[in-house]
file data_12.pdb (PDB, C-alpha atoms, pLDDT in the B column)
ATOM      1  CA  MET A  11     -13.580   2.180  19.060  1.00 38.00           C
ATOM      2  CA  PRO A  12     -11.468   4.309  16.643  1.00 39.00           C
ATOM      3  CA  ALA A  13      -9.125   6.783  18.261  1.00 39.00           C
ATOM      4  CA  SER A  14     -10.967   9.923  17.192  1.00 37.00           C
ATOM      5  CA  GLY A  15      -8.294  12.156  18.720  1.00 40.00           C
ATOM      6  CA  ARG A  16      -5.818  10.957  16.133  1.00 40.00           C
ATOM      7  CA  ILE A  17      -8.208  11.585  13.252  1.00 41.00           C
ATOM      8  CA  ASN A  18      -9.098  15.060  14.492  1.00 41.00           C
ATOM      9  CA  ALA A  19      -5.473  15.972  15.070  1.00 36.00           C
ATOM     10  CA  LYS A  20      -4.693  14.771  11.563  1.00 38.00           C
ATOM     11  CA  ALA A  21      -7.445  16.897  10.040  1.00 39.00           C
ATOM     12  CA  ARG A  22      -6.239  19.997  11.885  1.00 36.00           C
ATOM     13  CA  ASN A  23      -2.680  19.487  10.702  1.00 40.00           C
ATOM     14  CA  ASP A  24      -3.780  19.068   7.074  1.00 41.00           C
ATOM     15  CA  SER A  25      -4.456  22.799   6.955  1.00 36.00           C
ATOM     16  CA  VAL A  26      -0.881  23.606   7.997  1.00 34.00           C
ATOM     17  CA  THR A  27       1.616  23.536   5.155  1.00 35.00           C
ATOM     18  CA  GLY A  28       5.280  24.180   4.613  1.00 38.00           C
ATOM     19  CA  GLN A  29       6.299  22.814   8.014  1.00 39.00           C
ATOM     20  CA  PRO A  30       9.578  20.942   8.495  1.00 40.00           C
ATOM     21  CA  GLU A  31       9.620  17.195   8.894  1.00 42.00           C
ATOM     22  CA  ALA A  32      10.361  17.595  12.618  1.00 41.00           C
ATOM     23  CA  THR A  33       6.844  18.964  13.076  1.00 44.00           C
ATOM     24  CA  ALA A  34       5.372  15.810  11.525  1.00 41.00           C
ATOM     25  CA  GLU A  35       7.440  13.726  13.965  1.00 44.00           C
ATOM     26  CA  ARG A  36       5.575  15.285  16.901  1.00 44.00           C
ATOM     27  CA  ARG A  37       2.212  14.225  15.514  1.00 59.00           C
ATOM     28  CA  GLU A  38       0.630  10.963  16.573  1.00 79.00           C
ATOM     29  CA  LEU A  39       0.420   8.472  13.731  1.00 92.00           C
ATOM     30  CA  LEU A  40      -2.788   6.830  12.630  1.00 96.00           C
ATOM     31  CA  ARG A  41      -3.240   3.185  13.584  1.00 97.00           C
ATOM     32  CA  PRO A  42      -5.211   0.361  11.885  1.00 97.00           C
ATOM     33  CA  GLU A  43      -8.123   0.833  14.306  1.00 96.00           C
ATOM     34  CA  ASP A  44      -8.533   4.407  12.997  1.00 96.00           C
ATOM     35  CA  LEU A  45      -9.504   3.149   9.535  1.00 95.00           C
ATOM     36  CA  PRO A  46     -13.278   2.813  10.054  1.00 93.00           C
ATOM     37  CA  GLN A  47     -13.564   6.459  11.066  1.00 92.00           C
ATOM     38  CA  LEU A  48     -11.159   7.620   8.368  1.00 91.00           C
ATOM     39  CA  LEU A  49     -12.953   5.772   5.561  1.00 91.00           C
ATOM     40  CA  GLY A  50     -16.320   6.686   7.019  1.00 86.00           C
ATOM     41  CA  LEU A  51     -15.701  10.228   5.803  1.00 75.00           C
ATOM     42  CA  GLY A  52     -16.555   9.000   2.294  1.00 81.00           C
ATOM     43  CA  VAL A  53     -14.050   7.541  -0.199  1.00 87.00           C
ATOM     44  CA  GLN A  54     -14.993   6.901  -3.816  1.00 89.00           C
ATOM     45  CA  ARG A  55     -11.795   5.191  -4.982  1.00 96.00           C
ATOM     46  CA  LEU A  56      -9.564   3.488  -2.416  1.00 98.00           C
ATOM     47  CA  GLU A  57      -5.993   2.344  -3.066  1.00 98.00           C
ATOM     48  CA  VAL A  58      -3.651   0.784  -0.517  1.00 98.00           C
ATOM     49  CA  GLU A  59       0.133   0.598  -0.626  1.00 97.00           C
ATOM     50  CA  ILE A  60       1.431  -2.171   1.603  1.00 97.00           C
ATOM     51  CA  GLY A  61       4.924  -1.293   2.791  1.00 95.00           C
ATOM     52  CA  CYS A  62       5.032   2.387   1.790  1.00 94.00           C
ATOM     53  CA  GLY A  63       8.505   2.933   3.229  1.00 92.00           C
ATOM     54  CA  ASN A  64       9.510   6.605   3.263  1.00 93.00           C
ATOM     55  CA  GLY A  65       6.549   7.532   1.094  1.00 93.00           C
ATOM     56  CA  HIS A  66       8.255   8.339  -2.224  1.00 92.00           C
ATOM     57  CA  PHE A  67       5.788   6.365  -4.337  1.00 93.00           C
ATOM     58  CA  LEU A  68       2.839   7.219  -2.085  1.00 95.00           C
ATOM     59  CA  ALA A  69       3.377  10.975  -2.404  1.00 95.00           C
ATOM     60  CA  GLU A  70       4.074  11.031  -6.136  1.00 94.00           C
ATOM     61  CA  TYR A  71       1.228   8.673  -7.023  1.00 94.00           C
ATOM     62  CA  SER A  72      -1.227  10.598  -4.844  1.00 95.00           C
ATOM     63  CA  ARG A  73      -0.265  13.841  -6.531  1.00 93.00           C
ATOM     64  CA  MET A  74      -0.765  12.288  -9.972  1.00 93.00           C
ATOM     65  CA  HIS A  75      -4.088  10.615  -9.054  1.00 95.00           C
ATOM     66  CA  PRO A  76      -6.150  13.206  -7.166  1.00 95.00           C
ATOM     67  CA  SER A  77      -9.375  11.203  -7.613  1.00 95.00           C
ATOM     68  CA  SER A  78      -7.962   8.273  -5.593  1.00 96.00           C
ATOM     69  CA  PHE A  79      -7.610   8.103  -1.816  1.00 97.00           C
ATOM     70  CA  LEU A  80      -4.355   6.353  -0.912  1.00 97.00           C
ATOM     71  CA  ILE A  81      -3.510   4.609   2.335  1.00 98.00           C
ATOM     72  CA  GLY A  82       0.140   3.784   2.922  1.00 97.00           C
ATOM     73  CA  VAL A  83       0.840   0.993   5.420  1.00 98.00           C
ATOM     74  CA  GLU A  84       4.205   0.713   7.165  1.00 97.00           C
ATOM     75  CA  VAL A  85       5.381  -1.098  10.314  1.00 96.00           C
ATOM     76  CA  LYS A  86       8.484   1.040  10.922  1.00 95.00           C
ATOM     77  CA  LYS A  87       7.663   4.256  12.740  1.00 96.00           C
ATOM     78  CA  LYS A  88      10.549   6.331  11.370  1.00 96.00           C
ATOM     79  CA  ARG A  89       9.515   5.511   7.810  1.00 95.00           C
ATOM     80  CA  CYS A  90       5.909   6.394   8.623  1.00 97.00           C
ATOM     81  CA  LEU A  91       6.997   9.784   9.938  1.00 97.00           C
ATOM     82  CA  LYS A  92       9.015  10.495   6.800  1.00 96.00           C
ATOM     83  CA  ALA A  93       6.115   9.485   4.559  1.00 96.00           C
ATOM     84  CA  GLN A  94       3.738  11.595   6.623  1.00 96.00           C
ATOM     85  CA  GLY A  95       6.101  14.559   6.310  1.00 96.00           C
ATOM     86  CA  LYS A  96       6.085  14.287   2.521  1.00 95.00           C
ATOM     87  CA  ILE A  97       2.291  14.215   2.427  1.00 96.00           C
ATOM     88  CA  GLN A  98       2.072  17.259   4.674  1.00 95.00           C
ATOM     89  CA  ARG A  99       4.663  19.348   2.830  1.00 96.00           C
ATOM     90  CA  GLN A 100       3.061  18.604  -0.541  1.00 95.00           C
ATOM     91  CA  GLN A 101      -0.403  19.401   0.841  1.00 96.00           C
ATOM     92  CA  LEU A 102      -1.827  16.069  -0.311  1.00 96.00           C
ATOM     93  CA  SER A 103      -5.356  15.727   1.006  1.00 94.00           C
ATOM     94  CA  ASN A 104      -5.877  12.315  -0.631  1.00 96.00           C
ATOM     95  CA  ALA A 105      -3.215  10.290   1.205  1.00 96.00           C
ATOM     96  CA  ARG A 106      -2.744   8.990   4.750  1.00 96.00           C
ATOM     97  CA  VAL A 107      -0.154   6.790   6.453  1.00 98.00           C
ATOM     98  CA  ILE A 108      -1.099   3.967   8.818  1.00 98.00           C
ATOM     99  CA  HIS A 109       1.489   2.754  11.328  1.00 98.00           C
ATOM    100  CA  GLY A 110       0.904  -0.969  11.746  1.00 97.00           C
ATOM    101  CA  SER A 111       1.038  -4.348  10.077  1.00 96.00           C
ATOM    102  CA  ALA A 112      -0.628  -5.046   6.746  1.00 96.00           C
ATOM    103  CA  GLU A 113      -2.535  -7.939   8.306  1.00 96.00           C
ATOM    104  CA  ALA A 114      -4.027  -5.605  10.921  1.00 97.00           C
ATOM    105  CA  VAL A 115      -5.041  -3.066   8.270  1.00 97.00           C
ATOM    106  CA  LEU A 116      -6.692  -5.744   6.156  1.00 97.00           C
ATOM    107  CA  ARG A 117      -8.885  -6.754   9.089  1.00 97.00           C
ATOM    108  CA  TYR A 118     -10.347  -3.244   9.160  1.00 97.00           C
ATOM    109  CA  LEU A 119     -11.049  -3.055   5.403  1.00 97.00           C
ATOM    110  CA  SER A 120     -14.449  -4.182   4.177  1.00 95.00           C
ATOM    111  CA  ASP A 121     -14.681  -6.958   1.595  1.00 96.00           C
ATOM    112  CA  GLY A 122     -14.957  -5.563  -1.924  1.00 96.00           C
ATOM    113  CA  SER A 123     -13.844  -2.066  -0.867  1.00 96.00           C
ATOM    114  CA  VAL A 124     -10.385  -1.664  -2.438  1.00 98.00           C
ATOM    115  CA  ASP A 125      -9.754  -0.594  -6.047  1.00 98.00           C
ATOM    116  CA  CYS A 126      -6.003  -1.280  -6.041  1.00 98.00           C
ATOM    117  CA  PHE A 127      -3.354  -2.828  -3.844  1.00 98.00           C
ATOM    118  CA  HIS A 128       0.270  -1.785  -4.420  1.00 97.00           C
ATOM    119  CA  LEU A 129       3.058  -4.060  -3.151  1.00 96.00           C
ATOM    120  CA  TYR A 130       6.503  -2.918  -4.221  1.00 94.00           C
ATOM    121  CA  PHE A 131       9.803  -4.484  -3.172  1.00 91.00           C
ATOM    122  CA  PRO A 132       8.580  -6.345  -0.070  1.00 91.00           C
ATOM    123  CA  ASP A 133      11.164  -8.136   2.053  1.00 88.00           C
ATOM    124  CA  PRO A 134      11.924 -11.312   0.045  1.00 84.00           C
ATOM    125  CA  TRP A 135      13.044 -13.450   3.021  1.00 79.00           C
ATOM    126  CA  PRO A 136      15.372 -15.312   0.633  1.00 80.00           C
ATOM    127  CA  LYS A 137      16.290 -18.277   2.818  1.00 82.00           C
ATOM    128  CA  THR A 138      14.000 -21.264   2.307  1.00 79.00           C
ATOM    129  CA  ARG A 139      13.277 -21.656   6.022  1.00 81.00           C
ATOM    130  CA  HIS A 140      12.183 -17.995   6.183  1.00 79.00           C
ATOM    131  CA  ARG A 141       9.817 -17.931   3.199  1.00 82.00           C
ATOM    132  CA  ARG A 142       6.829 -18.468   5.463  1.00 87.00           C
ATOM    133  CA  ARG A 143       7.457 -14.924   6.762  1.00 87.00           C
ATOM    134  CA  ARG A 144       6.774 -13.354   3.357  1.00 92.00           C
ATOM    135  CA  PHE A 145       3.678 -11.215   3.290  1.00 94.00           C
ATOM    136  CA  LEU A 146       2.518 -12.745   0.019  1.00 94.00           C
ATOM    137  CA  ARG A 147       1.554 -16.242   1.030  1.00 93.00           C
ATOM    138  CA  LYS A 148      -1.605 -18.253   0.429  1.00 94.00           C
ATOM    139  CA  GLU A 149      -3.677 -17.012   3.364  1.00 95.00           C
ATOM    140  CA  ASN A 150      -2.863 -13.346   2.717  1.00 96.00           C
ATOM    141  CA  MET A 151      -3.489 -13.695  -1.014  1.00 96.00           C
ATOM    142  CA  GLU A 152      -6.974 -14.979  -0.226  1.00 96.00           C
ATOM    143  CA  VAL A 153      -7.631 -11.930   1.959  1.00 97.00           C
ATOM    144  CA  LEU A 154      -6.342  -9.509  -0.698  1.00 97.00           C
ATOM    145  CA  GLN A 155      -8.607 -11.119  -3.295  1.00 97.00           C
ATOM    146  CA  ARG A 156     -11.576 -10.766  -0.964  1.00 97.00           C
ATOM    147  CA  LYS A 157     -10.917  -7.100  -0.175  1.00 97.00           C
ATOM    148  CA  LEU A 158     -10.655  -6.104  -3.851  1.00 98.00           C
ATOM    149  CA  LYS A 159     -13.654  -4.822  -5.765  1.00 97.00           C
ATOM    150  CA  ASN A 160     -14.640  -6.721  -8.909  1.00 97.00           C
ATOM    151  CA  GLY A 161     -12.183  -5.504 -11.524  1.00 97.00           C
ATOM    152  CA  GLY A 162      -9.818  -4.306  -8.789  1.00 97.00           C
ATOM    153  CA  LEU A 163      -6.080  -4.651  -9.354  1.00 97.00           C
ATOM    154  CA  LEU A 164      -3.096  -5.903  -7.417  1.00 98.00           C
ATOM    155  CA  PHE A 165       0.290  -4.510  -8.508  1.00 97.00           C
ATOM    156  CA  PHE A 166       3.537  -6.179  -7.445  1.00 96.00           C
ATOM    157  CA  ALA A 167       7.225  -5.486  -8.115  1.00 93.00           C
ATOM    158  CA  THR A 168      10.407  -7.134  -6.883  1.00 92.00           C
ATOM    159  CA  ASP A 169      14.073  -7.434  -7.769  1.00 89.00           C
ATOM    160  CA  PHE A 170      14.174 -10.974  -6.346  1.00 91.00           C
ATOM    161  CA  PHE A 171      13.366 -13.636  -8.956  1.00 94.00           C
ATOM    162  CA  ASP A 172      12.301 -16.322  -6.478  1.00 93.00           C
ATOM    163  CA  TYR A 173       9.729 -13.977  -4.911  1.00 94.00           C
ATOM    164  CA  TYR A 174       8.489 -13.036  -8.384  1.00 95.00           C
ATOM    165  CA  LEU A 175       8.037 -16.715  -9.282  1.00 96.00           C
ATOM    166  CA  HIS A 176       6.496 -17.497  -5.879  1.00 94.00           C
ATOM    167  CA  THR A 177       3.964 -14.646  -6.308  1.00 96.00           C
ATOM    168  CA  LYS A 178       3.105 -15.593  -9.881  1.00 96.00           C
ATOM    169  CA  ILE A 179       2.270 -19.149  -8.786  1.00 96.00           C
ATOM    170  CA  LEU A 180       0.109 -17.829  -5.939  1.00 96.00           C
ATOM    171  CA  LEU A 181      -1.797 -15.601  -8.364  1.00 96.00           C
ATOM    172  CA  LEU A 182      -2.301 -18.429 -10.838  1.00 96.00           C
ATOM    173  CA  ILE A 183      -3.771 -20.787  -8.244  1.00 95.00           C
ATOM    174  CA  GLN A 184      -5.845 -18.162  -6.416  1.00 95.00           C
ATOM    175  CA  GLY A 185      -9.486 -18.436  -7.411  1.00 93.00           C
ATOM    176  CA  GLY A 186     -11.339 -15.344  -8.574  1.00 95.00           C
ATOM    177  CA  ILE A 187      -8.258 -13.550  -9.810  1.00 96.00           C
ATOM    178  CA  ARG A 188      -6.341 -13.546 -13.083  1.00 96.00           C
ATOM    179  CA  LEU A 189      -3.086 -12.126 -14.388  1.00 97.00           C
ATOM    180  CA  SER A 190      -3.372  -8.848 -16.291  1.00 96.00           C
ATOM    181  CA  ARG A 191      -1.140  -7.125 -18.854  1.00 93.00           C
ATOM    182  CA  GLN A 192      -1.665  -3.746 -17.199  1.00 92.00           C
ATOM    183  CA  ALA A 193       1.628  -2.283 -15.983  1.00 88.00           C
ATOM    184  CA  PRO A 194       2.082  -0.511 -12.649  1.00 87.00           C
ATOM    185  CA  SER A 195       2.601   3.236 -12.512  1.00 82.00           C
ATOM    186  CA  GLN A 196       5.985   4.490 -13.707  1.00 77.00           C
ATOM    187  CA  SER A 197       6.294   6.118 -10.279  1.00 73.00           C
ATOM    188  CA  VAL A 198       7.356   2.687  -9.015  1.00 73.00           C
ATOM    189  CA  PHE A 199      10.579   2.861 -11.001  1.00 63.00           C
ATOM    190  CA  ARG A 200      11.469   6.295  -9.611  1.00 67.00           C
ATOM    191  CA  SER A 201      11.286   5.138  -5.999  1.00 65.00           C
ATOM    192  CA  VAL A 202      14.392   4.951  -3.825  1.00 63.00           C
ATOM    193  CA  PHE A 203      14.389   1.136  -3.825  1.00 63.00           C
ATOM    194  CA  ALA A 204      13.962   0.904  -7.600  1.00 59.00           C
ATOM    195  CA  GLN A 205      16.788   3.348  -8.257  1.00 66.00           C
ATOM    196  CA  ARG A 206      19.033   1.535  -5.803  1.00 70.00           C
ATOM    197  CA  PHE A 207      18.379  -1.815  -7.505  1.00 60.00           C
ATOM    198  CA  ALA A 208      18.880  -0.273 -10.966  1.00 62.00           C
ATOM    199  CA  GLU A 209      22.256   1.123  -9.903  1.00 68.00           C
ATOM    200  CA  LYS A 210      23.251  -2.398  -8.855  1.00 68.00           C
ATOM    201  CA  GLY A 211      22.135  -3.744 -12.243  1.00 67.00           C
ATOM    202  CA  LYS A 212      19.273  -5.790 -10.805  1.00 74.00           C
ATOM    203  CA  GLN A 213      16.250  -6.539 -12.965  1.00 83.00           C
ATOM    204  CA  ILE A 214      12.914  -5.378 -11.632  1.00 86.00           C
ATOM    205  CA  ARG A 215      10.053  -7.752 -12.380  1.00 91.00           C
ATOM    206  CA  THR A 216       6.396  -6.822 -12.070  1.00 93.00           C
ATOM    207  CA  LEU A 217       3.072  -8.637 -11.915  1.00 96.00           C
ATOM    208  CA  THR A 218      -0.496  -7.369 -12.112  1.00 96.00           C
ATOM    209  CA  ALA A 219      -3.609  -9.330 -11.200  1.00 97.00           C
ATOM    210  CA  GLU A 220      -7.271  -8.429 -11.647  1.00 98.00           C
ATOM    211  CA  LYS A 221     -10.195  -9.642  -9.567  1.00 98.00           C
ATOM    212  CA  MET A 222     -12.780 -11.289 -11.768  1.00 95.00           C
ATOM    213  CA  GLN A 223     -16.526 -10.763 -11.561  1.00 83.00           C
ATOM    214  CA  ASP A 224     -18.187 -13.244  -9.224  1.00 69.00           C
ATOM    215  CA  SER A 225     -20.337 -15.495 -11.446  1.00 46.00           C
ATOM    216  CA  SER A 226     -22.892 -15.796  -8.634  1.00 49.00           C
ATOM    217  CA  GLU A 227     -23.618 -12.053  -8.705  1.00 49.00           C
TER     218      GLU A 227
END
call {"tool": "encode", "arguments": {"input": "data_12.pdb", "output": "structure tokens"}}
result
Amino acid sequence: MPASGRINAKARNDSVTGQPEATAERRELLRPEDLPQLLGLGVQRLEVEIGCGNGHFLAEYSRMHPSSFLIGVEVKKKRCLKAQGKIQRQQLSNARVIHGSAEAVLRYLSDGSVDCFHLYFPDPWPKTRHRRRRFLRKENMEVLQRKLKNGGLLFFATDFFDYYLHTKILLLIQGGIRLSRQAPSQSVFRSVFAQRFAEKGKQIRTLTAEKMQDSSE
């Protein structure tokens, strides 16, 4: 059963603004099992950022897209708390942070429920023997495709060419999805990671994929 105490505590804190980040650190974070109750409140347009880090993109994108409800997923608690603090201080009612793995969150999302997935600068696991640890691998790509609505989008960005190539191949061989020319939000390039890579002279490569209409429908 969803931990309703966490949801209720979250709702109460949404009405409190201008508090320092230390206050957010005392609040219990939402977990993947809280998703059914959270989304049960009624969400018209759902977007999910996998690996939201400190919440720079999550907060800016949510502010610029008030009609979307954004869920940021992050495994590191300190980053979750920082992202949560940004959402609270900016009084963003259309964003939440989930502390947990992306795989766990995906299990709680209904098929055909997500309008957009955002995956920016995931850990590339550059060594060949470690590539199996990458989030974007065949089994996870199949799940992402299933969770997307028809016409839903998957946005990806990386500074690591091998991961870019690896992801492009996965998208090309994944049934029911096709590459799109649509570019990700410019907010991606203003994130901490993007600015850090730009300062080092690294090229940022992006990919966008769109879920195609099921011919059987």
call {"tool": "resolve_selection", "arguments": {"input": "data_12.pdb", "expression": "the PyMOL selection byres ((chain A and resi 123) around 7)", "output": "ChimeraX atom specification"}}
result
/A:119-122,124-125,157-159
call {"tool": "resolve_selection", "arguments": {"input": "data_12.pdb", "expression": "the PyMOL selection byres ((chain A and resi 73-79) around 7)", "output": "list in words"}}
result
Val53, Arg55, Leu56, Glu57, Ala69, Glu70, Tyr71, Ser72, Leu80, Ile81, Leu102, Asn104 and Ala105 of chain A
call {"tool": "write_last_selection", "arguments": {"input": "data_12.pdb", "atoms": "C-alpha atoms", "output": "PDB file, keeping the file's coordinate frame"}}
result
ATOM      1  CA  VAL A  53     -14.050   7.541  -0.199  1.00 87.00           C
ATOM      2  CA  ARG A  55     -11.795   5.191  -4.982  1.00 96.00           C
ATOM      3  CA  LEU A  56      -9.564   3.488  -2.416  1.00 98.00           C
ATOM      4  CA  GLU A  57      -5.993   2.344  -3.066  1.00 98.00           C
ATOM      5  CA  ALA A  69       3.377  10.975  -2.404  1.00 95.00           C
ATOM      6  CA  GLU A  70       4.074  11.031  -6.136  1.00 94.00           C
ATOM      7  CA  TYR A  71       1.228   8.673  -7.023  1.00 94.00           C
ATOM      8  CA  SER A  72      -1.227  10.598  -4.844  1.00 95.00           C
ATOM      9  CA  LEU A  80      -4.355   6.353  -0.912  1.00 97.00           C
ATOM     10  CA  ILE A  81      -3.510   4.609   2.335  1.00 98.00           C
ATOM     11  CA  LEU A 102      -1.827  16.069  -0.311  1.00 96.00           C
ATOM     12  CA  ASN A 104      -5.877  12.315  -0.631  1.00 96.00           C
ATOM     13  CA  ALA A 105      -3.215  10.290   1.205  1.00 96.00           C
TER      14      ALA A 105
END
call {"tool": "resolve_selection", "arguments": {"input": "data_12.pdb", "expression": "the PyMOL selection byres ((chain A and resi 219) around 8)", "output": "number ranges by chain"}}
result
A: 163-165, 181, 187-190, 217-218, 220-221
call {"tool": "atom_distance", "arguments": {"input": "data_12.pdb", "atom1": "atom CA of Gly65 of chain A", "atom2": "atom CA of Arg143 of chain A"}}
result
23.2 Å
call {"tool": "axis_aligned_box", "arguments": {"input": "data_12.pdb", "around": "segment 168-178 of chain A", "padding_each_side": "3 Å", "output": "JSON"}}
result
{"center_x": 8.6, "center_y": -12.3, "center_z": -7.4, "size_x": 17.1, "size_y": 16.4, "size_z": 11.0}
call {"tool": "residues_around", "arguments": {"input": "data_12.pdb", "residues": "Leu68 of chain A", "least_positions_apart": "3", "cutoff": "10 Å", "atoms": "all atoms listed in the file", "output": "PyMOL selection string"}}
result
chain A and resi 58-59+62-65+71-73+80-83+93-94+96-97+105-107+128+197-198+201
call {"tool": "closest_residue", "arguments": {"input": "data_12.pdb", "among": "A:Val153, A:Leu129, A:Leu39, A:Ile60", "to": "Thr216 of chain A", "atoms": "all atoms listed in the file"}}
result
A:Leu129
call {"tool": "closest_residue", "arguments": {"input": "data_12.pdb", "among": "A:Leu182, A:Lys212, A:Gln101, A:Ser195", "to": "Phe67 of chain A", "atoms": "all atoms listed in the file"}}
result
A:Ser195
call {"tool": "closest_residue", "arguments": {"input": "data_12.pdb", "among": "A:Cys90, A:Arg147, A:Leu49, A:His140", "to": "Glu113 of chain A", "atoms": "all atoms listed in the file"}}
result
A:Arg147
call {"tool": "atom_distance", "arguments": {"input": "data_12.pdb", "atom1": "atom CA of Leu175 of chain A", "atom2": "atom CA of Arg141 of chain A"}}
result
12.7 Å
call {"tool": "residues_around", "arguments": {"input": "data_12.pdb", "residues": "Met222 of chain A", "least_positions_apart": "3", "cutoff": "6 Å", "atoms": "only C-alpha atoms", "output": "list in words"}}
result
Asn160, Gly161, Gly186 and Ile187 of chain A
call {"tool": "closest_residue", "arguments": {"input": "data_12.pdb", "among": "A:Tyr118, A:Tyr173, A:Phe166, A:Tyr130", "to": "Gly61 of chain A", "atoms": "all atoms listed in the file"}}
result
A:Tyr130
call {"tool": "residues_around", "arguments": {"input": "data_12.pdb", "residues": "Leu40 of chain A", "least_positions_apart": "2", "cutoff": "7 Å", "atoms": "only C-alpha atoms", "output": "list in words"}}
result
Arg16, Glu38, Pro42, Asp44, Val107, Ile108 and His109 of chain A
call {"tool": "closest_residue", "arguments": {"input": "data_12.pdb", "among": "A:Ile179, A:Gln155, A:Gly50, A:Glu43", "to": "Gly110 of chain A", "atoms": "all atoms listed in the file"}}
result
A:Glu43
call {"tool": "build_atoms", "arguments": {"input": "data_12.pdb", "residues": "segment 80-92 of chain A", "atoms": "N, CA and C atoms", "output": "PDB file, keeping the file's coordinate frame"}}
result
ATOM      1  N   LEU A  80      -5.403   7.341  -1.139  1.00 97.00           N
ATOM      2  CA  LEU A  80      -4.355   6.353  -0.912  1.00 97.00           C
ATOM      3  C   LEU A  80      -4.041   6.188   0.565  1.00 97.00           C
ATOM      4  N   ILE A  81      -3.948   4.939   0.982  1.00 98.00           N
ATOM      5  CA  ILE A  81      -3.510   4.609   2.335  1.00 98.00           C
ATOM      6  C   ILE A  81      -2.176   3.891   2.218  1.00 98.00           C
ATOM      7  N   GLY A  82      -1.157   4.437   2.869  1.00 97.00           N
ATOM      8  CA  GLY A  82       0.140   3.784   2.922  1.00 97.00           C
ATOM      9  C   GLY A  82       0.289   3.065   4.252  1.00 97.00           C
ATOM     10  N   VAL A  83       0.708   1.814   4.205  1.00 98.00           N
ATOM     11  CA  VAL A  83       0.840   0.993   5.420  1.00 98.00           C
ATOM     12  C   VAL A  83       2.315   0.693   5.652  1.00 98.00           C
ATOM     13  N   GLU A  84       2.788   0.940   6.861  1.00 97.00           N
ATOM     14  CA  GLU A  84       4.205   0.713   7.165  1.00 97.00           C
ATOM     15  C   GLU A  84       4.364   0.354   8.640  1.00 97.00           C
ATOM     16  N   VAL A  85       5.196  -0.657   8.927  1.00 96.00           N
ATOM     17  CA  VAL A  85       5.381  -1.098  10.314  1.00 96.00           C
ATOM     18  C   VAL A  85       6.468  -0.304  11.037  1.00 96.00           C
ATOM     19  N   LYS A  86       7.385   0.312  10.291  1.00 95.00           N
ATOM     20  CA  LYS A  86       8.484   1.040  10.922  1.00 95.00           C
ATOM     21  C   LYS A  86       8.095   2.494  11.140  1.00 95.00           C
ATOM     22  N   LYS A  87       8.152   2.925  12.383  1.00 96.00           N
ATOM     23  CA  LYS A  87       7.663   4.256  12.740  1.00 96.00           C
ATOM     24  C   LYS A  87       8.435   5.369  12.052  1.00 96.00           C
ATOM     25  N   LYS A  88       9.754   5.268  11.991  1.00 96.00           N
ATOM     26  CA  LYS A  88      10.549   6.331  11.370  1.00 96.00           C
ATOM     27  C   LYS A  88      10.177   6.514   9.902  1.00 96.00           C
ATOM     28  N   ARG A  89       9.921   5.409   9.219  1.00 95.00           N
ATOM     29  CA  ARG A  89       9.515   5.511   7.810  1.00 95.00           C
ATOM     30  C   ARG A  89       8.136   6.147   7.701  1.00 95.00           C
ATOM     31  N   CYS A  90       7.247   5.781   8.623  1.00 97.00           N
ATOM     32  CA  CYS A  90       5.909   6.394   8.623  1.00 97.00           C
ATOM     33  C   CYS A  90       6.003   7.910   8.771  1.00 97.00           C
ATOM     34  N   LEU A  91       6.859   8.359   9.687  1.00 97.00           N
ATOM     35  CA  LEU A  91       6.997   9.784   9.938  1.00 97.00           C
ATOM     36  C   LEU A  91       7.546  10.515   8.717  1.00 97.00           C
ATOM     37  N   LYS A  92       8.469   9.877   8.013  1.00 96.00           N
ATOM     38  CA  LYS A  92       9.015  10.495   6.800  1.00 96.00           C
ATOM     39  C   LYS A  92       7.953  10.573   5.703  1.00 96.00           C
TER      40      LYS A  92
END
